[in-house]
>>> print(open('query25.txt').read())   # compact mmCIF, C-alpha atoms and all ligand atoms
# COMPACT_ATOMS: atom_id res chain seq x y z
CA MET A 1 0.00 0.00 0.00
CA LEU A 2 1.44 3.34 -1.06
CA LEU A 3 1.44 6.11 1.56
CA GLU A 4 1.77 9.43 -0.23
CA PRO A 5 3.03 12.51 1.63
CA ARG A 6 1.13 15.59 2.62
CA PHE A 7 2.96 18.88 2.18
CA VAL A 8 2.92 20.75 5.48
CA LYS A 9 4.40 24.13 6.40
CA LEU A 10 5.91 23.94 9.89
CA SER A 11 5.32 26.74 12.36
CA THR A 12 8.93 27.89 12.13
CA ARG A 13 10.28 31.38 11.60
CA THR A 14 11.12 30.45 8.02
CA GLY A 15 8.06 28.36 7.18
CA ILE A 16 10.04 25.30 6.09
CA GLU A 17 7.89 22.81 4.18
CA VAL A 18 7.99 19.11 4.97
CA ARG A 19 6.58 15.98 3.35
CA ARG A 20 4.63 14.06 5.99
CA THR A 21 3.93 10.37 5.35
CA LEU A 22 2.73 9.51 8.88
CA PRO A 23 0.12 9.91 10.15
CA ASN A 24 -1.59 9.17 6.85
CA ALA A 25 -5.27 8.85 5.96
CA LYS A 26 -4.59 5.21 5.04
CA LYS A 27 -2.37 4.33 8.02
CA ARG A 28 -1.82 6.23 11.23
CA MET A 29 1.20 4.44 12.67
CA ILE A 30 3.77 1.78 11.76
CA GLY A 31 4.56 -0.01 15.00
CA ALA A 32 5.24 2.79 17.48
CA TRP A 33 6.39 5.10 14.64
CA ALA A 34 3.72 7.79 14.82
CA PHE A 35 5.08 10.62 12.74
CA VAL A 36 7.39 10.89 9.72
CA ASP A 37 8.46 14.29 8.38
CA HIS A 38 10.97 14.53 5.52
CA PHE A 39 12.51 17.88 4.66
CA GLY A 40 15.08 19.08 2.17
CA PRO A 41 17.41 18.69 0.44
CA THR A 42 17.62 22.47 0.49
CA THR A 43 20.51 24.88 0.09
CA GLN A 44 18.69 27.14 2.56
CA THR A 45 20.71 25.52 5.34
CA ASP A 46 19.69 28.14 7.91
CA GLY A 47 16.05 27.40 7.12
CA MET A 48 15.14 25.44 10.21
CA VAL A 49 14.50 27.77 13.13
CA VAL A 50 12.06 26.07 15.46
CA ALA A 51 11.75 27.96 18.75
CA ALA A 52 11.04 26.27 22.06
CA HIS A 53 8.03 23.97 21.97
CA PRO A 54 6.94 21.05 24.14
CA HIS A 55 6.41 17.33 23.66
CA THR A 56 4.77 14.67 25.82
CA GLY A 57 4.31 10.92 25.55
CA LEU A 58 6.72 10.37 22.67
CA GLN A 59 10.34 10.20 21.54
CA THR A 60 11.66 12.39 18.73
CA ALA A 61 14.32 10.82 16.52
CA THR A 62 16.19 13.15 14.19
CA TRP A 63 18.22 11.63 11.33
CA LEU A 64 20.17 13.77 8.90
CA PHE A 65 21.31 12.95 5.38
CA GLU A 66 23.08 16.31 5.03
CA GLY A 67 23.61 19.37 7.19
CA ARG A 68 23.84 20.08 10.89
CA ILE A 69 21.17 20.96 13.47
CA GLU A 70 21.61 22.23 16.99
CA HIS A 71 19.21 20.74 19.54
CA ARG A 72 18.64 22.38 22.93
CA ASP A 73 16.17 21.30 25.58
CA SER A 74 14.80 21.93 29.05
CA ILE A 75 16.87 19.17 30.68
CA GLY A 76 20.06 21.03 29.79
CA THR A 77 21.04 19.36 26.53
CA ALA A 78 22.88 21.37 23.87
CA GLN A 79 23.88 19.00 21.08
CA PHE A 80 24.64 19.16 17.37
CA VAL A 81 23.34 16.33 15.24
CA GLU A 82 25.10 15.38 12.00
CA PRO A 83 24.59 12.71 9.31
CA GLY A 84 25.09 9.16 10.59
CA GLN A 85 24.14 10.08 14.17
CA LEU A 86 20.79 9.69 15.88
CA ASN A 87 19.48 12.44 18.11
CA LEU A 88 16.84 10.87 20.37
CA MET A 89 14.77 12.90 22.80
CA THR A 90 12.42 11.06 25.13
CA ALA A 91 9.72 13.50 26.17
CA GLY A 92 8.01 11.30 28.76
CA ARG A 93 5.83 13.51 30.97
CA GLY A 94 7.10 16.68 29.33
CA ILE A 95 10.10 18.41 27.77
CA ALA A 96 10.64 21.54 25.70
CA HIS A 97 13.22 21.82 22.93
CA SER A 98 14.37 24.00 20.04
CA GLU A 99 15.99 23.14 16.73
CA LEU A 100 18.31 25.42 14.79
CA SER A 101 19.91 24.34 11.53
CA GLN A 102 23.46 25.54 10.92
CA ALA A 103 24.40 27.53 7.82
CA ASP A 104 27.87 25.97 7.65
CA SER A 105 26.91 23.09 5.33
CA ALA A 106 26.05 23.05 1.63
CA SER A 107 22.70 21.36 2.04
CA LEU A 108 20.15 20.42 4.69
CA HIS A 109 18.23 17.16 4.36
CA ALA A 110 16.68 15.12 7.18
CA VAL A 111 13.83 13.09 8.55
CA GLN A 112 12.21 13.70 11.89
CA LEU A 113 10.39 10.76 13.37
CA TRP A 114 8.18 10.39 16.44
CA ILE A 115 7.91 7.20 18.46
CA ALA A 116 4.83 6.76 20.69
CA LEU A 117 5.67 5.68 24.25
CA PRO A 118 3.62 2.80 25.71
CA ASP A 119 1.34 3.65 28.60
CA SER A 120 3.68 1.97 31.11
CA VAL A 121 6.47 4.54 30.51
CA ARG A 122 4.79 7.58 28.99
CA LYS A 123 4.96 9.56 32.26
CA MET A 124 8.69 8.87 32.74
CA ALA A 125 11.16 11.69 33.34
CA PRO A 126 12.47 13.20 30.10
CA GLU A 127 15.80 12.00 28.68
CA PHE A 128 18.10 12.77 25.78
CA GLU A 129 20.68 10.61 24.03
CA GLN A 130 22.98 11.01 21.05
CA GLN A 131 23.98 7.81 19.26
CA THR A 132 27.21 8.29 17.31
CA ASP A 133 28.41 4.68 16.99
CA LEU A 134 25.53 2.95 15.23
CA PRO A 135 25.84 -0.57 13.78
CA ARG A 136 26.32 -1.05 10.05
CA VAL A 137 24.90 -3.89 7.99
CA SER A 138 25.52 -5.17 4.46
CA ILE A 139 22.75 -6.84 2.49
CA GLY A 140 24.25 -7.81 -0.85
CA GLY A 141 25.44 -4.49 -2.26
CA ILE A 142 23.20 -2.46 0.04
CA SER A 143 24.86 -0.80 3.02
CA GLY A 144 22.74 0.12 6.00
CA THR A 145 22.99 1.98 9.26
CA VAL A 146 20.66 0.73 11.97
CA PHE A 147 19.50 3.57 14.23
CA VAL A 148 16.75 1.78 16.19
CA GLY A 149 16.51 -1.93 17.07
CA ALA A 150 17.95 -4.50 14.64
CA MET A 151 17.26 -5.72 11.11
CA HIS A 152 15.61 -9.12 10.98
CA GLY A 153 18.21 -11.90 11.01
CA GLN A 154 21.01 -9.52 12.02
CA PRO A 155 20.61 -9.38 15.82
CA GLU A 156 24.33 -8.70 16.33
CA ALA A 157 23.92 -5.32 14.62
CA ARG A 158 21.52 -3.90 17.20
CA ALA A 159 21.41 -0.16 17.87
CA GLN A 160 21.79 0.71 21.55
CA THR A 161 19.14 3.40 21.15
CA LYS A 162 16.75 3.20 24.11
CA ILE A 163 13.28 2.28 22.91
CA TYR A 164 10.22 0.90 24.68
CA SER A 165 8.49 -1.37 22.16
CA PRO A 166 9.73 -3.86 19.53
CA MET A 167 10.72 -1.85 16.47
CA VAL A 168 13.38 -1.17 13.85
CA GLY A 169 14.69 1.88 12.01
CA ALA A 170 17.48 1.86 9.44
CA GLU A 171 18.92 3.89 6.57
CA LEU A 172 19.63 1.78 3.49
CA ARG A 173 21.92 3.00 0.70
CA ILE A 174 21.43 1.22 -2.58
CA PRO A 175 23.97 1.58 -5.41
CA ALA A 176 22.66 2.22 -8.93
CA GLY A 177 21.28 -0.96 -10.48
CA GLU A 178 21.52 -2.94 -7.25
CA PHE A 179 18.65 -5.13 -6.06
CA ASP A 180 18.55 -7.27 -2.94
CA VAL A 181 16.13 -9.07 -0.68
CA ILE A 182 15.47 -7.43 2.70
CA GLU A 183 14.41 -9.95 5.34
CA LEU A 184 11.57 -8.71 7.53
CA ASP A 185 10.29 -9.76 10.94
CA PRO A 186 6.80 -11.16 10.25
CA LYS A 187 5.61 -9.89 13.65
CA PHE A 188 6.28 -6.33 12.47
CA GLU A 189 4.55 -4.04 10.02
CA HIS A 190 6.97 -2.01 7.88
CA GLY A 191 7.30 1.06 5.73
CA PHE A 192 9.97 1.84 3.12
CA LEU A 193 10.34 5.61 2.66
CA VAL A 194 12.20 6.60 -0.51
CA ALA A 195 14.26 9.59 0.58
CA ILE A 196 16.60 9.86 -2.43
CA GLY A 197 16.51 8.29 -5.88
CA SER A 198 14.39 5.96 -8.01
CA VAL A 199 13.46 2.82 -6.16
CA GLN A 200 11.22 -0.18 -6.73
CA VAL A 201 9.91 -1.90 -3.65
CA ALA A 202 8.42 -5.37 -4.23
CA GLY A 203 8.30 -4.60 -7.95
CA LEU A 204 6.42 -1.29 -7.56
CA GLU A 205 7.97 2.07 -8.36
CA VAL A 206 7.72 4.14 -5.17
CA PRO A 207 7.95 7.87 -5.87
CA MET A 208 10.51 9.83 -3.92
CA ASN A 209 9.00 11.11 -0.63
CA SER A 210 6.41 8.33 -0.56
CA MET A 211 6.38 5.23 1.61
CA GLU A 212 5.38 1.68 0.71
CA TYR A 213 3.62 -0.11 3.57
CA PHE A 214 3.69 -3.86 4.35
CA GLU A 215 1.41 -5.62 6.82
CA PRO A 216 2.60 -8.02 9.52
CA GLY A 217 3.25 -11.45 8.06
CA THR A 218 5.55 -10.14 5.32
CA THR A 219 8.82 -12.08 5.54
CA SER A 220 10.90 -10.38 2.83
CA VAL A 221 10.78 -7.61 0.25
CA THR A 222 13.05 -6.99 -2.73
CA ILE A 223 14.22 -3.41 -3.20
CA LYS A 224 15.88 -2.21 -6.39
CA ASN A 225 17.55 1.01 -7.39
CA THR A 226 16.22 1.76 -10.89
CA GLY A 227 18.12 5.04 -11.30
CA ASP A 228 21.74 5.87 -12.14
CA GLU A 229 22.66 7.40 -8.76
CA GLU A 230 22.84 5.92 -5.28
CA ALA A 231 19.41 5.77 -3.66
CA THR A 232 18.53 6.13 0.04
CA VAL A 233 15.61 4.41 1.72
CA ILE A 234 14.48 4.69 5.34
CA LEU A 235 13.07 1.42 6.68
CA LEU A 236 10.71 1.70 9.66
CA GLY A 237 8.99 -1.21 11.33
CA GLY A 238 7.50 -2.43 14.54
CA GLU A 239 4.92 -4.57 16.25
CA PRO A 240 1.52 -2.95 15.71
CA PHE A 241 0.96 -0.43 18.50
CA GLU A 242 -2.23 -1.68 20.14
CA GLU A 243 -2.97 1.22 22.51
CA PRO A 244 -5.37 3.83 21.11
CA ILE A 245 -3.72 7.26 21.35
CA VAL A 246 -4.73 10.87 21.00
CA MET A 247 -2.09 12.75 19.02
CA TRP A 248 -2.61 16.51 18.83
CA TRP A 249 -0.02 19.18 18.01
CA ASN A 250 3.18 18.04 19.77
CA PHE A 251 1.54 15.78 22.32
CA ILE A 252 0.65 12.09 22.46
CA GLU A 253 -1.83 11.33 25.23
CA ARG A 254 -4.71 8.91 25.78
CA THR A 255 -7.68 11.24 26.34
CA HIS A 256 -9.04 14.62 25.26
CA ASP A 257 -8.80 15.87 28.84
CA GLU A 258 -5.12 15.00 29.05
CA ILE A 259 -4.50 17.02 25.87
CA VAL A 260 -6.45 19.97 27.31
CA ALA A 261 -4.42 19.81 30.53
CA VAL A 262 -0.99 19.62 28.93
CA ARG A 263 -1.86 22.38 26.43
CA GLU A 264 -2.88 24.66 29.33
CA LYS A 265 0.31 23.86 31.21
CA TRP A 266 2.46 24.83 28.25
CA ASN A 267 0.55 27.97 27.35
CA ASN A 268 0.53 29.09 31.01
CA ARG A 269 4.30 28.52 31.25
CA ASP A 270 3.78 25.98 34.02
CA ALA A 271 7.00 24.92 35.73
CA SER A 272 6.38 21.26 34.87
CA ILE A 273 7.94 22.04 31.47
CA PRO A 274 10.74 24.49 32.33
CA GLY A 275 12.30 26.98 29.97
CA PHE A 276 15.88 27.04 28.68
CA VAL A 277 18.23 29.40 26.85
CA ASP A 278 19.06 29.11 23.16
CA HIS A 279 20.10 31.34 20.21
CA ILE A 280 16.52 31.54 18.94
CA GLY A 281 14.60 32.99 21.84
CA GLY A 282 10.87 32.98 22.38
CA TRP A 283 8.54 29.99 22.40
CA ILE A 284 5.74 28.58 20.31
CA PRO A 285 2.33 28.59 22.01
CA ALA A 286 -0.02 25.68 21.38
CA PRO A 287 -2.81 26.58 18.94
CA GLU A 288 -6.50 26.64 19.79
CA LEU A 289 -8.05 23.22 20.24
CA PRO A 290 -10.60 22.23 17.60
CA ASN A 291 -14.21 22.59 18.68
CA LEU A 292 -14.77 18.89 19.19
CA ILE A 293 -13.78 16.08 21.52
CA LEU A 294 -10.50 14.50 20.46
CA ARG A 295 -11.05 10.76 20.48
CA ALA A 296 -8.45 8.08 21.09
CA ARG A 297 -8.02 6.18 17.85
CA ASN A 298 -6.76 2.80 16.88
CA ASN A 299 -3.74 2.67 14.69
MN MN B 301 9.88 19.11 18.32
>>> encode(input="query25.txt", output="structure tokens")
Amino acid sequence: MLLEPRFVKLSTRTGIEVRRTLPNAKKRMIGAWAFVDHFGPTTQTDGMVVAAHPHTGLQTATWLFEGRIEHRDSIGTAQFVEPGQLNLMTAGRGIAHSELSQADSASLHAVQLWIALPDSVRKMAPEFEQQTDLPRVSIGGISGTVFVGAMHGQPEARAQTKIYSPMVGAELRIPAGEFDVIELDPKFEHGFLVAIGSVQVAGLEVPMNSMEYFEPGTTSVTIKNTGDEEATVILLGGEPFEEPIVMWWNFIERTHDEIVAVREKWNNRDASIPGFVDHIGGWIPAPELPNLILRARNN
């Protein structure tokens, strides 16, 4: 099933536009992966200026293909993220952060992913980690970097990234003309996001910026680079996330009332999500809630 992106302008100072493949009208989540934004490549490398904003109930995973972004947050982190590294922020019961791309690179190109936290840990204290030594895998001529979990059949190449449900995330680089079989865990559902290049997944041409989805029970998929340049695919998978969630703005909760409460806390500058100092200044207030009851939905 093809998941096509929506084009969304982020509420940043520069109005950067992203291609969002999750949530999607056809599929809300893939495992605990709840949100997939793809932006760039752009030569406007100073284009990402996202002032302080909060998150709850999720982890943000930032993965760069090109460029450099500075992350700062309310637990004292100040960290650059560069290609090949994973910047993972676990919001738990509440964190605020800002993101500032650096003009010192030729191009900016990244995905930002959200991971829903299971109910048992979603109120945990916030954490941040930077993974710089991620395992590499080879599948025929394809070279991969595993940033979350492990590829099926390659348990020795497991990322140490701290996650709370069974899942996988990897970047696959496919040389021109190369095709290989990717083994999949049949307990997982999966998505293949084509980030760069011309790629066939299971015999179907998947347009750049789109994602091909596979249900649990799929044991392998052939991917092929049909172009004349190296292609890059992001593989995301996980056990179907069974808990209904309410995802609104930057929050993942379980009920409408929880969303109302956390929105009020942020907009009233409640001390439960403290401030911090960065080069951007200011903060992004939560928008008005829609005039309806937000319902927890299955995924
Ligand atoms: Mn954020």
>>> residues_near_ligand(input="query25.txt", ligand="ligand MN 301 (chain B)", cutoff="10 Å", atoms="all atoms listed in the file", output="ChimeraX atom specification")
/A:50-55,59-62,71,73,89,91,95-99,112-114,249-251
>>> write_last_selection(input="query25.txt", atoms="C-alpha atoms", output="CSV table (one decimal), in the coordinates of the input")
chain,number,residue,atom,x,y,z
A,50,VAL,CA,12.1,26.1,15.5
A,51,ALA,CA,11.8,28.0,18.8
A,52,ALA,CA,11.0,26.3,22.1
A,53,HIS,CA,8.0,24.0,22.0
A,54,PRO,CA,6.9,21.0,24.1
A,55,HIS,CA,6.4,17.3,23.7
A,59,GLN,CA,10.3,10.2,21.5
A,60,THR,CA,11.7,12.4,18.7
A,61,ALA,CA,14.3,10.8,16.5
A,62,THR,CA,16.2,13.2,14.2
A,71,HIS,CA,19.2,20.7,19.5
A,73,ASP,CA,16.2,21.3,25.6
A,89,MET,CA,14.8,12.9,22.8
A,91,ALA,CA,9.7,13.5,26.2
A,95,ILE,CA,10.1,18.4,27.8
A,96,ALA,CA,10.6,21.5,25.7
A,97,HIS,CA,13.2,21.8,22.9
A,98,SER,CA,14.4,24.0,20.0
A,99,GLU,CA,16.0,23.1,16.7
A,112,GLN,CA,12.2,13.7,11.9
A,113,LEU,CA,10.4,10.8,13.4
A,114,TRP,CA,8.2,10.4,16.4
A,249,TRP,CA,0.0,19.2,18.0
A,250,ASN,CA,3.2,18.0,19.8
A,251,PHE,CA,1.5,15.8,22.3
>>> residues_around(input="query25.txt", residues="Ala110 of chain A", least_positions_apart="2", cutoff="6 Å", atoms="only C-alpha atoms", output="list in words")
His38, Phe39, Trp63, Leu64 and Phe65 of chain A
>>> residues_around(input="query25.txt", residues="segment 194-207 of chain A", least_positions_apart="3", cutoff="8 Å", atoms="only C-alpha atoms", output="PyMOL selection string")
chain A and resi 2+38+210-212+221-227+229-234
>>> atom_distance(input="query25.txt", atom1="atom CA of Ile115 of chain A", atom2="atom CA of Pro5 of chain A")
18.3 Å
>>> atom_distance(input="query25.txt", atom1="atom CA of Asp185 of chain A", atom2="atom CA of Gln130 of chain A")
26.4 Å
>>> residues_around(input="query25.txt", residues="Phe128 of chain A", least_positions_apart="3", cutoff="8 Å", atoms="only C-alpha atoms", output="MDAnalysis selection string")
chainID A and resid 77 87:90
>>> residues_around(input="query25.txt", residues="Val168 of chain A", least_positions_apart="4", cutoff="8 Å", atoms="all atoms listed in the file", output="mmCIF file with C-alpha atoms, in the frame of the given file")
data_model
loop_
_atom_site.group_PDB
_atom_site.id
_atom_site.type_symbol
_atom_site.label_atom_id
_atom_site.label_comp_id
_atom_site.auth_asym_id
_atom_site.auth_seq_id
_atom_site.Cartn_x
_atom_site.Cartn_y
_atom_site.Cartn_z
ATOM 1 C CA VAL A 146 20.660 0.730 11.970
ATOM 2 C CA PHE A 147 19.500 3.570 14.230
ATOM 3 C CA VAL A 148 16.750 1.780 16.190
ATOM 4 C CA GLY A 149 16.510 -1.930 17.070
ATOM 5 C CA ALA A 150 17.950 -4.500 14.640
ATOM 6 C CA MET A 151 17.260 -5.720 11.110
ATOM 7 C CA LEU A 235 13.070 1.420 6.680
ATOM 8 C CA LEU A 236 10.710 1.700 9.660
ATOM 9 C CA GLY A 237 8.990 -1.210 11.330
ATOM 10 C CA GLY A 238 7.500 -2.430 14.540
#
>>> residues_around(input="query25.txt", residues="segment 254-264 of chain A", least_positions_apart="3", cutoff="6 Å", atoms="all atoms listed in the file", output="count of residues only")
5
>>> residues_near_point(input="query25.txt", point="(22.9, 1.0, 18.0)", cutoff="6 Å", atoms="all atoms listed in the file", output="VMD selection string")
chain A and resid 134 to 135 147 158 to 161
>>> write_last_selection(input="query25.txt", atoms="C-alpha atoms", output="mmCIF file, in the coordinates of the input")
data_model
loop_
_atom_site.group_PDB
_atom_site.id
_atom_site.type_symbol
_atom_site.label_atom_id
_atom_site.label_comp_id
_atom_site.auth_asym_id
_atom_site.auth_seq_id
_atom_site.Cartn_x
_atom_site.Cartn_y
_atom_site.Cartn_z
ATOM 1 C CA LEU A 134 25.530 2.950 15.230
ATOM 2 C CA PRO A 135 25.840 -0.570 13.780
ATOM 3 C CA PHE A 147 19.500 3.570 14.230
ATOM 4 C CA ARG A 158 21.520 -3.900 17.200
ATOM 5 C CA ALA A 159 21.410 -0.160 17.870
ATOM 6 C CA GLN A 160 21.790 0.710 21.550
ATOM 7 C CA THR A 161 19.140 3.400 21.150
#
>>> closest_residue(input="query25.txt", among="A:Glu82, A:Ile69, A:Thr21, A:Gly57", to="Ser120 of chain A", atoms="all atoms listed in the file")
A:Gly57
>>> closest_residue(input="query25.txt", among="A:Phe179, A:Asp278, A:Trp248, A:Ala157", to="Pro23 of chain A", atoms="all atoms listed in the file")
A:Trp248
>>> atom_distance(input="query25.txt", atom1="atom CA of Arg93 of chain A", atom2="atom CA of Phe188 of chain A")
27.1 Å
>>> closest_residue(input="query25.txt", among="A:Arg19, A:Arg295, A:Lys187, A:Arg136", to="Gly40 of chain A", atoms="all atoms listed in the file")
A:Arg19
